[in-house]
>>> print(open('structure_35.cif').read())   # mmCIF, C-alpha atoms
data_my_file
#
loop_
_atom_site.label_atom_id
_atom_site.label_comp_id
_atom_site.auth_asym_id
_atom_site.auth_seq_id
_atom_site.Cartn_x
_atom_site.Cartn_y
_atom_site.Cartn_z
CA ASP A 1 0.00 0.00 0.00
CA SER A 2 2.79 2.44 0.73
CA TYR A 3 3.84 2.36 -2.95
CA SER A 4 0.42 3.10 -4.39
CA PRO A 5 -0.63 6.68 -5.06
CA LEU A 6 -4.16 5.47 -4.34
CA SER A 7 -3.35 4.84 -0.68
CA ALA A 8 -2.49 7.27 2.09
CA GLY A 9 0.95 5.64 2.47
CA PRO A 10 4.29 7.49 2.14
CA ARG A 11 4.39 7.44 -1.67
CA GLY A 12 0.82 8.65 -2.11
CA ILE A 13 1.34 11.53 0.28
CA GLY A 14 4.93 12.27 -0.76
CA VAL A 15 4.37 12.34 -4.51
CA GLY A 16 1.47 14.71 -4.15
CA GLY A 17 -0.95 12.52 -6.07
CA ILE A 18 -3.38 12.14 -3.18
CA ARG A 19 -6.41 14.43 -3.31
CA PRO A 20 -8.96 14.39 -0.47
CA MET A 21 -12.64 14.52 -1.36
CA SER A 22 -15.42 16.14 0.64
CA ASP A 23 -16.64 12.77 2.01
CA LYS A 24 -13.18 12.09 3.54
CA HIS A 25 -12.24 9.57 0.84
CA TYR A 26 -9.30 10.28 -1.42
CA TYR A 27 -8.04 9.45 -4.86
CA GLY A 28 -4.63 9.49 -6.51
CA CYS A 29 -3.29 10.58 -9.84
CA CYS A 30 -4.16 7.17 -11.32
CA ALA A 31 -7.80 8.26 -11.57
CA CYS A 32 -6.75 11.04 -13.92
CA ILE A 33 -4.04 9.10 -15.73
CA GLY A 34 -6.51 6.30 -16.47
CA SER A 35 -8.83 8.80 -18.11
CA ALA A 36 -5.93 10.19 -20.12
CA GLY A 37 -5.12 6.66 -21.28
CA VAL A 38 -8.65 6.13 -22.56
CA GLY A 39 -8.33 9.44 -24.39
CA THR A 40 -5.34 8.16 -26.38
CA VAL A 41 -7.06 5.05 -27.78
CA HIS A 42 -7.73 6.77 -31.11
CA LYS A 43 -4.00 7.47 -31.47
CA LEU A 44 -3.00 3.86 -30.76
CA HIS A 45 -5.78 1.88 -32.46
CA TYR A 46 -4.14 2.21 -35.90
CA VAL A 47 -0.60 3.48 -36.32
CA LYS A 48 0.88 4.52 -39.64
CA THR A 49 4.18 2.76 -40.32
CA GLU A 50 6.82 3.38 -42.96
CA ASN A 51 5.41 0.55 -45.11
CA GLY A 52 1.70 0.62 -44.22
CA ILE A 53 -0.52 0.41 -41.14
CA ALA A 54 -0.27 -1.38 -37.78
CA VAL A 55 -3.50 -2.54 -36.13
CA ASN A 56 -3.10 -2.49 -32.34
CA MET A 57 -6.66 -2.70 -31.02
CA PHE A 58 -9.82 -4.48 -32.02
CA ILE A 59 -12.65 -1.97 -31.86
CA ALA A 60 -15.64 -1.98 -34.22
CA GLY A 61 -15.76 0.96 -36.60
CA ASN A 62 -14.25 2.52 -39.70
CA ALA A 63 -10.94 4.24 -40.32
CA GLU A 64 -9.51 5.99 -43.38
CA PHE A 65 -5.85 6.32 -44.34
CA LYS A 66 -3.48 7.01 -47.17
CA THR A 67 -1.40 4.10 -48.44
CA PRO A 68 2.39 4.53 -48.61
CA ASN A 69 1.85 5.61 -52.26
CA GLY A 70 -0.73 8.23 -51.19
CA ASN A 71 -3.89 6.42 -52.32
CA ASP A 72 -7.11 6.33 -50.29
CA PHE A 73 -7.53 3.24 -48.13
CA ALA A 74 -10.17 2.33 -45.52
CA ILE A 75 -10.67 -0.47 -43.00
CA GLU A 76 -14.05 -1.47 -41.59
CA THR A 77 -13.71 -3.49 -38.38
CA GLN A 78 -16.62 -5.76 -37.43
CA THR A 79 -16.41 -7.30 -33.96
CA ASN A 80 -17.93 -7.66 -30.51
CA PHE A 81 -14.45 -8.04 -29.01
CA PRO A 82 -13.72 -8.67 -26.13
CA ALA A 83 -17.11 -10.34 -25.57
CA CYS A 84 -16.07 -12.73 -28.35
CA GLY A 85 -12.74 -13.49 -30.01
CA SER A 86 -13.79 -12.92 -33.63
CA VAL A 87 -12.59 -9.85 -35.55
CA LYS A 88 -13.26 -9.12 -39.22
CA PHE A 89 -11.52 -6.41 -41.27
CA ILE A 90 -12.92 -5.38 -44.66
CA LEU A 91 -10.54 -3.33 -46.80
CA SER A 92 -11.57 -0.64 -49.28
CA LEU A 93 -9.13 0.62 -51.92
CA LYS A 94 -9.72 2.48 -55.18
CA LYS A 95 -7.03 0.36 -56.89
CA PRO A 96 -4.88 -2.63 -55.87
CA GLU A 97 -1.66 -1.74 -54.08
CA LYS A 98 1.14 -3.58 -52.30
CA PHE A 99 1.71 -2.45 -48.73
CA GLU A 100 2.17 -3.90 -45.27
CA LEU A 101 -0.46 -4.50 -42.61
CA LEU A 102 0.83 -5.40 -39.16
CA ILE A 103 -1.81 -6.91 -36.88
CA ARG A 104 -1.08 -7.31 -33.17
CA ASN A 105 -1.39 -10.88 -31.96
CA PRO A 106 -1.95 -10.49 -28.20
CA SER A 107 0.28 -12.62 -25.95
CA TRP A 108 -2.75 -14.02 -24.12
CA SER A 109 -4.04 -15.70 -27.33
CA ASN A 110 -2.19 -19.01 -27.55
CA ASN A 111 -3.95 -20.23 -30.69
CA THR A 112 -4.82 -17.29 -32.95
CA LYS A 113 -6.24 -18.14 -36.36
CA LEU A 114 -6.03 -15.74 -39.32
CA ASN A 115 -7.66 -15.93 -42.75
CA ILE A 116 -7.43 -13.66 -45.77
CA ASN A 117 -10.36 -14.12 -48.15
CA GLY A 118 -10.98 -17.56 -46.61
CA GLU A 119 -7.38 -18.80 -46.89
CA GLN A 120 -5.82 -19.67 -43.52
CA LEU A 121 -2.31 -18.32 -42.96
CA GLU A 122 0.45 -18.98 -40.44
CA VAL A 123 0.31 -16.70 -37.42
CA ALA A 124 3.37 -15.17 -35.77
CA LYS A 125 3.79 -14.10 -32.16
CA GLY A 126 3.77 -10.34 -31.57
CA TYR A 127 2.76 -8.67 -34.82
CA ILE A 128 1.46 -10.64 -37.79
CA LYS A 129 3.09 -9.16 -40.89
CA LEU A 130 0.89 -9.19 -43.99
CA ASP A 131 2.83 -7.73 -46.91
CA ARG A 132 0.96 -8.25 -50.17
CA ILE A 133 -1.04 -6.61 -52.93
CA TRP A 134 -4.32 -5.61 -51.32
CA GLU A 135 -7.51 -5.28 -53.35
CA ASN A 136 -10.87 -3.66 -52.75
CA GLY A 137 -13.07 -5.97 -50.67
CA ASP A 138 -10.27 -8.10 -49.20
CA VAL A 139 -11.41 -9.63 -45.90
CA ILE A 140 -9.13 -10.51 -43.00
CA THR A 141 -10.62 -12.56 -40.17
CA LEU A 142 -9.03 -13.26 -36.80
CA GLU A 143 -10.13 -15.74 -34.20
CA PHE A 144 -8.45 -15.27 -30.83
CA ASP A 145 -8.08 -18.01 -28.23
CA MET A 146 -10.43 -16.80 -25.49
CA ALA A 147 -10.06 -19.85 -23.22
CA THR A 148 -10.27 -19.00 -19.52
CA LYS A 149 -6.95 -19.52 -17.75
CA VAL A 150 -6.06 -19.51 -14.04
CA ILE A 151 -3.18 -17.20 -13.11
CA TYR A 152 -1.34 -17.55 -9.79
CA PRO A 153 0.53 -14.44 -8.57
CA THR A 154 3.57 -16.47 -7.39
CA SER A 155 4.46 -20.15 -7.35
CA ASP A 156 4.05 -20.39 -3.55
CA THR A 157 0.72 -18.57 -3.33
CA LYS A 158 -2.40 -20.67 -3.78
CA THR A 159 -4.91 -18.49 -1.91
CA HIS A 160 -5.37 -15.74 -4.50
CA ILE A 161 -5.87 -16.28 -8.19
CA ALA A 162 -6.91 -14.35 -11.24
CA LEU A 163 -8.99 -15.75 -14.05
CA ARG A 164 -8.21 -14.44 -17.52
CA ARG A 165 -10.60 -14.85 -20.44
CA GLY A 166 -8.92 -13.25 -23.42
CA PRO A 167 -7.84 -9.78 -22.25
CA ILE A 168 -10.36 -9.65 -19.38
CA ILE A 169 -9.03 -10.29 -15.86
CA LEU A 170 -11.36 -11.46 -13.11
CA ALA A 171 -10.16 -11.94 -9.55
CA ALA A 172 -11.09 -14.53 -6.98
CA ASN A 173 -9.88 -14.86 -3.40
CA THR A 174 -10.33 -18.65 -3.11
CA LEU A 175 -9.74 -21.61 -5.35
CA LEU A 176 -12.76 -22.73 -7.32
#
>>> encode(input="structure_35.cif", output="structure tokens")
Amino acid sequence: DSYSPLSAGPRGIGVGGIRPMSDKHYYGCCACIGSAGVGTVHKLHYVKTENGIAVNMFIAGNAEFKTPNGNDFAIETQTNFPACGSVKFILSLKKPEKFELLIRNPSWSNNTKLNINGEQLEVAKGYIKLDRIWENGDVITLEFDMATKVIYPTSDTKTHIALRRGPIILAANTLL
């Protein structure tokens, strides 16, 4: 507790992050930093790279870009992630063009499957590099491994666990 800016311990008080509220509770700078993090999602979701685009997050919606050659390019993302592990990208281009798409393969997904226009491809750890000639209407589908896994904080602790389903962490204070 003394390390957390959310507690009234030495670090929270010393760093200056603690702010008392009128009901005698307090909060630390994490409350504000968390909000700032949410505000940067649009800057991290897709990132322009030297050779194309990197996809970092899996949020339903549409995004428009310029290809490395300066042509219009759009991605429509269809998903209910993280409620499910399926993500579908539909590409829109005025003319075919070769460029790179990097798609993040989260470390928690031990068995990610990827298809382009129905053809299953090998999947790499980290970023999946797709460097090819893209055409209007190309469809990329991902299926993440959303199996629930038990996580122990240390090898000698068996009284507290976390359950992870995909990217979602749930905590439990006893073994199931």
>>> atom_distance(input="structure_35.cif", atom1="atom CA of A:Leu91", atom2="atom CA of A:Trp108")
26.3 Å
>>> closest_residue(input="structure_35.cif", among="A:Phe89, A:Tyr127, A:Tyr46, A:Phe73", to="A:Val139", atoms="all atoms listed in the file")
A:Phe89
>>> closest_residue(input="structure_35.cif", among="A:Lys95, A:Leu44, A:Asn62, A:Phe144", to="A:Gln78", atoms="only C-alpha atoms")
A:Asn62
>>> residues_around(input="structure_35.cif", residues="A:Ile128", least_positions_apart="6", cutoff="9 Å", atoms="all atoms listed in the file", output="list in words")
Leu101, Leu102, Ile103, Arg104, Asn105 and Glu122 of chain A
>>> atom_distance(input="structure_35.cif", atom1="atom CA of A:Val123", atom2="atom CA of A:Pro153")
28.9 Å
>>> atom_distance(input="structure_35.cif", atom1="atom CA of A:Thr141", atom2="atom CA of A:Thr79")
10.0 Å
>>> closest_residue(input="structure_35.cif", among="A:Arg165, A:Lys66, A:Lys125, A:Lys48", to="A:Phe81", atoms="all atoms listed in the file")
A:Arg165
>>> resolve_selection(input="structure_35.cif", expression="the PyMOL selection byres ((chain A and resi 110-116) around 6)", output="CSV table (one decimal) with C-alpha atoms, keeping the file's coordinate frame")
chain,number,residue,atom,x,y,z
A,109,SER,CA,-4.0,-15.7,-27.3
A,117,ASN,CA,-10.4,-14.1,-48.2
A,118,GLY,CA,-11.0,-17.6,-46.6
A,119,GLU,CA,-7.4,-18.8,-46.9
A,120,GLN,CA,-5.8,-19.7,-43.5
A,121,LEU,CA,-2.3,-18.3,-43.0
A,139,VAL,CA,-11.4,-9.6,-45.9
A,140,ILE,CA,-9.1,-10.5,-43.0
A,141,THR,CA,-10.6,-12.6,-40.2
A,142,LEU,CA,-9.0,-13.3,-36.8
A,143,GLU,CA,-10.1,-15.7,-34.2
A,144,PHE,CA,-8.4,-15.3,-30.8
A,145,ASP,CA,-8.1,-18.0,-28.2
